[in-house]
Number of protein chains: 2
Amino acid sequence: MLSSTSKEYQGVLKKIASLRKSPQVFSLLAETFQALGDYSRVQILWVLTKGELMVGDIAVMLSLSQPVVSHHLRMLRNLKLVRARRQGRSAYYSLDDIHIERLLNEGIKHVEELI
Amino acid sequence: MLSSTSKEYQGVLKKIASLRKSPQVFSLLAETFQALGDYSRVQILWVLTKGELMVGDIAVMLSLSQPVVSHHLRMLRNLKLVRARRQGRSAYYSLDDIHIERLLNEGIKHVEELI
DNA sequence: TCGATATATAAACATATATATATACGTTTA
DNA sequence: TAAACGTATATATATATGTTTATATATCGA
């Protein structure tokens, strides 16, 4: 049994920690969860699980200002959580891939057990 | 494409509005994702997917100070993302429920598609 | 072209947050 | 009991972040 203060032990622990996932993955993962971790954005994503929506409609539905919605959508777009489709002067947003809805649903399951 | 003034479109908005969750759910959901949205905490949760660990070992594994790890664990504990088991002067932490690992895995799937 | 509409961007402000440092608390052991 | 050990907490501070306000860009209709 290695002493918990020995260099060998610390080396083993660090090696275990670095197994399988690169710092880039953790960094992007943290950014992604952080993007999900805002009251306005989580609502925006939730209404988008029901289908494609225009910026202005999201703003009305959630009682948010248009610049706020646009700002948040840009952040979500940069992280590939939503995608935009332009038609005329409108921009239609939708969830980018299936993982996003799964993340929301899994999160909702967790929090609904807390209430 | 539906016109934003058509009866059909208004019906869609109404339907989506009726699917809104309570503010409490969104609030807790945002808090939960925010807790996941930090480089240190996402690493802490990741190493905990390998099994129960002591505070000090997590600190060594991730090259973090002990107070930082303890601080993050308290936040994760408050949101029921991890649970603690005390044995003597040690505190063993583990993931609280199955949703947490699923959230991490779903998030990892998403970000690994970005790289 | 002019005005109206829809969205995007920028600067400023107030608030929130992660970390470092120091210290306190509780348990085991000499 | 005292010292050692593992963990928790408190405070300070620098940085990050969400919202507001104002303005810019782009498209459509008159």
# chains A, B, ... in the order shown; residues from 1 in each chain; ligands from 1
call {"tool": "closest_atom_pairs", "arguments": {"of": "chain C", "to": "chain B", "cutoff": "9 Å", "atoms": "only C-alpha atoms (C1' of nucleotides)", "output": "Markdown table"}}
result
| residue | atom | partner | partner_atom | distance |
| --- | --- | --- | --- | --- |
| C:DA18 | C1' | B:Val68 | CA | 8.7 |
| C:DT19 | C1' | B:Val68 | CA | 7.2 |
| C:DG26 | C1' | B:Arg89 | CA | 7.2 |
| C:DT27 | C1' | B:Arg89 | CA | 5.0 |
| C:DT28 | C1' | B:Arg89 | CA | 7.6 |
call {"tool": "select_by_dssp", "arguments": {"residues": "chain B", "states": "alpha helix (DSSP H)", "output": "ChimeraX atom specification"}}
result
/B:7-18,23-36,39-48,55-62,66-78,98-112
call {"tool": "residues_around", "arguments": {"residues": "segment 19-30 of chain B", "least_positions_apart": "3", "cutoff": "9 Å", "atoms": "only C-alpha atoms (C1' of nucleotides)", "output": "VMD selection string"}}
result
(chain A and resid 34 36 to 43 46 to 47 50 104 107 to 108 110 to 112 114 to 115) or (chain B and resid 14 to 16 33 to 35 79)
call {"tool": "calpha_fit_and_write", "arguments": {"fixed": "chain B", "moving": "chain A", "output": "PDB file with C-alpha atoms, in the first residue's frame"}}
result
ATOM      1  CA  MET A   1     -52.762  29.328 -42.175  1.00  0.00           C
ATOM      2  CA  LEU A   2     -52.363  31.803 -39.368  1.00  0.00           C
ATOM      3  CA  SER A   3     -50.384  34.970 -39.948  1.00  0.00           C
ATOM      4  CA  SER A   4     -47.126  34.881 -38.041  1.00  0.00           C
ATOM      5  CA  THR A   5     -47.903  38.258 -36.572  1.00  0.00           C
ATOM      6  CA  SER A   6     -51.444  37.519 -35.438  1.00  0.00           C
ATOM      7  CA  LYS A   7     -52.375  37.222 -31.788  1.00  0.00           C
ATOM      8  CA  GLU A   8     -53.726  33.741 -32.372  1.00  0.00           C
ATOM      9  CA  TYR A   9     -50.444  32.569 -33.834  1.00  0.00           C
ATOM     10  CA  GLN A  10     -48.443  33.986 -30.952  1.00  0.00           C
ATOM     11  CA  GLY A  11     -50.819  32.375 -28.514  1.00  0.00           C
ATOM     12  CA  VAL A  12     -50.352  29.018 -30.195  1.00  0.00           C
ATOM     13  CA  LEU A  13     -46.580  29.313 -30.061  1.00  0.00           C
ATOM     14  CA  LYS A  14     -46.589  30.249 -26.386  1.00  0.00           C
ATOM     15  CA  LYS A  15     -48.858  27.318 -25.624  1.00  0.00           C
ATOM     16  CA  ILE A  16     -46.536  24.933 -27.423  1.00  0.00           C
ATOM     17  CA  ALA A  17     -43.563  26.284 -25.516  1.00  0.00           C
ATOM     18  CA  SER A  18     -45.245  25.688 -22.189  1.00  0.00           C
ATOM     19  CA  LEU A  19     -46.269  22.140 -22.966  1.00  0.00           C
ATOM     20  CA  ARG A  20     -45.268  19.437 -20.518  1.00  0.00           C
ATOM     21  CA  LYS A  21     -42.553  21.215 -18.534  1.00  0.00           C
ATOM     22  CA  SER A  22     -42.983  23.753 -15.757  1.00  0.00           C
ATOM     23  CA  PRO A  23     -40.745  26.796 -15.262  1.00  0.00           C
ATOM     24  CA  GLN A  24     -39.430  25.113 -12.140  1.00  0.00           C
ATOM     25  CA  VAL A  25     -38.096  22.211 -14.193  1.00  0.00           C
ATOM     26  CA  PHE A  26     -36.313  24.541 -16.606  1.00  0.00           C
ATOM     27  CA  SER A  27     -34.954  26.586 -13.752  1.00  0.00           C
ATOM     28  CA  LEU A  28     -33.542  23.562 -11.938  1.00  0.00           C
ATOM     29  CA  LEU A  29     -32.298  22.129 -15.204  1.00  0.00           C
ATOM     30  CA  ALA A  30     -30.391  25.322 -15.969  1.00  0.00           C
ATOM     31  CA  GLU A  31     -28.938  25.359 -12.452  1.00  0.00           C
ATOM     32  CA  THR A  32     -27.868  21.754 -12.781  1.00  0.00           C
ATOM     33  CA  PHE A  33     -26.141  22.234 -16.110  1.00  0.00           C
ATOM     34  CA  GLN A  34     -24.541  25.389 -14.813  1.00  0.00           C
ATOM     35  CA  ALA A  35     -23.105  23.409 -11.917  1.00  0.00           C
ATOM     36  CA  LEU A  36     -21.661  20.975 -14.434  1.00  0.00           C
ATOM     37  CA  GLY A  37     -20.342  23.840 -16.536  1.00  0.00           C
ATOM     38  CA  ASP A  38     -17.090  24.612 -14.789  1.00  0.00           C
ATOM     39  CA  TYR A  39     -13.635  23.209 -15.464  1.00  0.00           C
ATOM     40  CA  SER A  40     -12.905  22.442 -11.826  1.00  0.00           C
ATOM     41  CA  ARG A  41     -16.283  20.906 -11.075  1.00  0.00           C
ATOM     42  CA  VAL A  42     -16.419  18.761 -14.174  1.00  0.00           C
ATOM     43  CA  GLN A  43     -13.044  17.312 -13.181  1.00  0.00           C
ATOM     44  CA  ILE A  44     -14.232  16.716  -9.629  1.00  0.00           C
ATOM     45  CA  LEU A  45     -17.277  14.866 -10.901  1.00  0.00           C
ATOM     46  CA  TRP A  46     -15.160  12.886 -13.334  1.00  0.00           C
ATOM     47  CA  VAL A  47     -12.829  11.530 -10.665  1.00  0.00           C
ATOM     48  CA  LEU A  48     -15.870  10.708  -8.547  1.00  0.00           C
ATOM     49  CA  THR A  49     -17.179   8.453 -11.312  1.00  0.00           C
ATOM     50  CA  LYS A  50     -14.317   6.131 -10.318  1.00  0.00           C
ATOM     51  CA  GLY A  51     -15.444   5.927  -6.721  1.00  0.00           C
ATOM     52  CA  GLU A  52     -15.797   7.632  -3.380  1.00  0.00           C
ATOM     53  CA  LEU A  53     -13.086  10.173  -2.506  1.00  0.00           C
ATOM     54  CA  MET A  54     -12.055  12.464   0.346  1.00  0.00           C
ATOM     55  CA  VAL A  55     -11.909  16.231  -0.128  1.00  0.00           C
ATOM     56  CA  GLY A  56      -8.169  16.420   0.410  1.00  0.00           C
ATOM     57  CA  ASP A  57      -7.437  13.670  -2.067  1.00  0.00           C
ATOM     58  CA  ILE A  58      -9.514  15.351  -4.739  1.00  0.00           C
ATOM     59  CA  ALA A  59      -7.583  18.557  -4.120  1.00  0.00           C
ATOM     60  CA  VAL A  60      -4.219  16.796  -4.510  1.00  0.00           C
ATOM     61  CA  MET A  61      -5.315  14.832  -7.562  1.00  0.00           C
ATOM     62  CA  LEU A  62      -6.564  17.894  -9.403  1.00  0.00           C
ATOM     63  CA  SER A  63      -4.032  20.398  -8.051  1.00  0.00           C
ATOM     64  CA  LEU A  64      -6.758  22.542  -6.542  1.00  0.00           C
ATOM     65  CA  SER A  65      -6.778  24.241  -3.153  1.00  0.00           C
ATOM     66  CA  GLN A  66      -8.790  22.594  -0.392  1.00  0.00           C
ATOM     67  CA  PRO A  67     -11.212  25.542   0.022  1.00  0.00           C
ATOM     68  CA  VAL A  68     -11.934  25.523  -3.696  1.00  0.00           C
ATOM     69  CA  VAL A  69     -12.762  21.829  -3.674  1.00  0.00           C
ATOM     70  CA  SER A  70     -14.900  22.192  -0.586  1.00  0.00           C
ATOM     71  CA  HIS A  71     -16.702  25.170  -2.057  1.00  0.00           C
ATOM     72  CA  HIS A  72     -17.473  23.366  -5.293  1.00  0.00           C
ATOM     73  CA  LEU A  73     -18.574  20.224  -3.493  1.00  0.00           C
ATOM     74  CA  ARG A  74     -21.021  22.246  -1.466  1.00  0.00           C
ATOM     75  CA  MET A  75     -22.575  23.604  -4.640  1.00  0.00           C
ATOM     76  CA  LEU A  76     -22.749  20.130  -6.154  1.00  0.00           C
ATOM     77  CA  ARG A  77     -24.231  18.797  -2.913  1.00  0.00           C
ATOM     78  CA  ASN A  78     -26.943  21.451  -2.855  1.00  0.00           C
ATOM     79  CA  LEU A  79     -28.038  20.374  -6.319  1.00  0.00           C
ATOM     80  CA  LYS A  80     -27.917  16.703  -5.331  1.00  0.00           C
ATOM     81  CA  LEU A  81     -25.165  15.933  -7.799  1.00  0.00           C
ATOM     82  CA  VAL A  82     -22.954  14.499  -5.073  1.00  0.00           C
ATOM     83  CA  ARG A  83     -23.541  13.245  -1.551  1.00  0.00           C
ATOM     84  CA  ALA A  84     -21.276  13.292   1.479  1.00  0.00           C
ATOM     85  CA  ARG A  85     -20.559  10.696   4.107  1.00  0.00           C
ATOM     86  CA  ARG A  86     -18.686  11.809   7.199  1.00  0.00           C
ATOM     87  CA  GLN A  87     -16.301   9.513   9.015  1.00  0.00           C
ATOM     88  CA  GLY A  88     -14.272  11.037  11.799  1.00  0.00           C
ATOM     89  CA  ARG A  89     -12.723  14.232  10.518  1.00  0.00           C
ATOM     90  CA  SER A  90     -12.936  13.109   6.904  1.00  0.00           C
ATOM     91  CA  ALA A  91     -15.745  13.659   4.398  1.00  0.00           C
ATOM     92  CA  TYR A  92     -16.163  11.125   1.649  1.00  0.00           C
ATOM     93  CA  TYR A  93     -17.963  12.294  -1.469  1.00  0.00           C
ATOM     94  CA  SER A  94     -19.579  10.281  -4.248  1.00  0.00           C
ATOM     95  CA  LEU A  95     -21.945  10.867  -7.142  1.00  0.00           C
ATOM     96  CA  ASP A  96     -25.524  11.113  -5.947  1.00  0.00           C
ATOM     97  CA  ASP A  97     -27.368   9.121  -8.575  1.00  0.00           C
ATOM     98  CA  ILE A  98     -26.913   7.280 -11.847  1.00  0.00           C
ATOM     99  CA  HIS A  99     -28.069  10.228 -13.964  1.00  0.00           C
ATOM    100  CA  ILE A 100     -24.924  12.188 -13.127  1.00  0.00           C
ATOM    101  CA  GLU A 101     -22.555   9.670 -14.638  1.00  0.00           C
ATOM    102  CA  ARG A 102     -24.821   9.335 -17.668  1.00  0.00           C
ATOM    103  CA  LEU A 103     -24.796  13.099 -18.143  1.00  0.00           C
ATOM    104  CA  LEU A 104     -21.011  13.174 -18.017  1.00  0.00           C
ATOM    105  CA  ASN A 105     -20.650  10.281 -20.426  1.00  0.00           C
ATOM    106  CA  GLU A 106     -23.148  11.723 -22.874  1.00  0.00           C
ATOM    107  CA  GLY A 107     -21.373  15.059 -22.724  1.00  0.00           C
ATOM    108  CA  ILE A 108     -17.993  13.440 -23.269  1.00  0.00           C
ATOM    109  CA  LYS A 109     -19.328  11.581 -26.285  1.00  0.00           C
ATOM    110  CA  HIS A 110     -20.490  14.876 -27.746  1.00  0.00           C
ATOM    111  CA  VAL A 111     -17.266  16.796 -27.195  1.00  0.00           C
ATOM    112  CA  GLU A 112     -15.025  13.956 -28.346  1.00  0.00           C
ATOM    113  CA  GLU A 113     -16.766  14.180 -31.692  1.00  0.00           C
ATOM    114  CA  LEU A 114     -15.699  17.818 -31.894  1.00  0.00           C
ATOM    115  CA  ILE A 115     -11.982  17.106 -31.506  1.00  0.00           C
TER     116      ILE A 115
END
call {"tool": "interface_residues", "arguments": {"of": "chain D", "to": "chain A", "cutoff": "9 Å", "atoms": "only C-alpha atoms (C1' of nucleotides)", "output": "PyMOL selection string"}}
result
chain D and resi 18-19+26-28
call {"tool": "atom_distance", "arguments": {"atom1": "atom C1' of DT15 of chain D", "atom2": "atom C1' of DA8 of chain C"}}
result
26.4 Å
call {"tool": "decode", "arguments": {"residues": "chain D", "atoms": "C-alpha atoms (C1' of nucleotides)", "output": "mmCIF file, in the first residue's frame"}}
result
data_model
loop_
_atom_site.group_PDB
_atom_site.id
_atom_site.type_symbol
_atom_site.label_atom_id
_atom_site.label_comp_id
_atom_site.auth_asym_id
_atom_site.auth_seq_id
_atom_site.Cartn_x
_atom_site.Cartn_y
_atom_site.Cartn_z
ATOM 1 C "C1'" DT D 1 -4.289 16.208 26.945
ATOM 2 C "C1'" DA D 2 -1.752 17.799 23.200
ATOM 3 C "C1'" DA D 3 -0.315 17.303 18.628
ATOM 4 C "C1'" DA D 4 -1.304 15.815 14.038
ATOM 5 C "C1'" DC D 5 -4.410 15.251 10.482
ATOM 6 C "C1'" DG D 6 -8.404 15.849 7.227
ATOM 7 C "C1'" DT D 7 -11.911 18.805 6.279
ATOM 8 C "C1'" DA D 8 -14.798 23.019 6.465
ATOM 9 C "C1'" DT D 9 -15.488 27.937 6.593
ATOM 10 C "C1'" DA D 10 -14.724 33.122 6.258
ATOM 11 C "C1'" DT D 11 -13.025 37.008 4.014
ATOM 12 C "C1'" DA D 12 -10.979 39.599 0.359
ATOM 13 C "C1'" DT D 13 -10.297 40.462 -4.382
ATOM 14 C "C1'" DA D 14 -9.905 40.168 -9.159
ATOM 15 C "C1'" DT D 15 -12.464 38.547 -12.888
ATOM 16 C "C1'" DA D 16 -16.587 37.184 -15.308
ATOM 17 C "C1'" DT D 17 -21.305 37.758 -16.578
ATOM 18 C "C1'" DG D 18 -26.330 39.277 -17.495
ATOM 19 C "C1'" DT D 19 -29.052 43.077 -18.441
ATOM 20 C "C1'" DT D 20 -30.018 47.758 -19.979
ATOM 21 C "C1'" DT D 21 -29.661 51.311 -23.262
ATOM 22 C "C1'" DA D 22 -28.487 52.902 -27.547
ATOM 23 C "C1'" DT D 23 -27.286 52.120 -32.129
ATOM 24 C "C1'" DA D 24 -26.267 49.453 -36.380
ATOM 25 C "C1'" DT D 25 -27.413 46.268 -40.168
ATOM 26 C "C1'" DA D 26 -30.552 44.229 -43.314
ATOM 27 C "C1'" DT D 27 -34.942 43.214 -45.574
ATOM 28 C "C1'" DC D 28 -39.530 44.306 -47.119
ATOM 29 C "C1'" DG D 29 -43.429 47.250 -48.526
ATOM 30 C "C1'" DA D 30 -45.359 51.807 -50.022
#
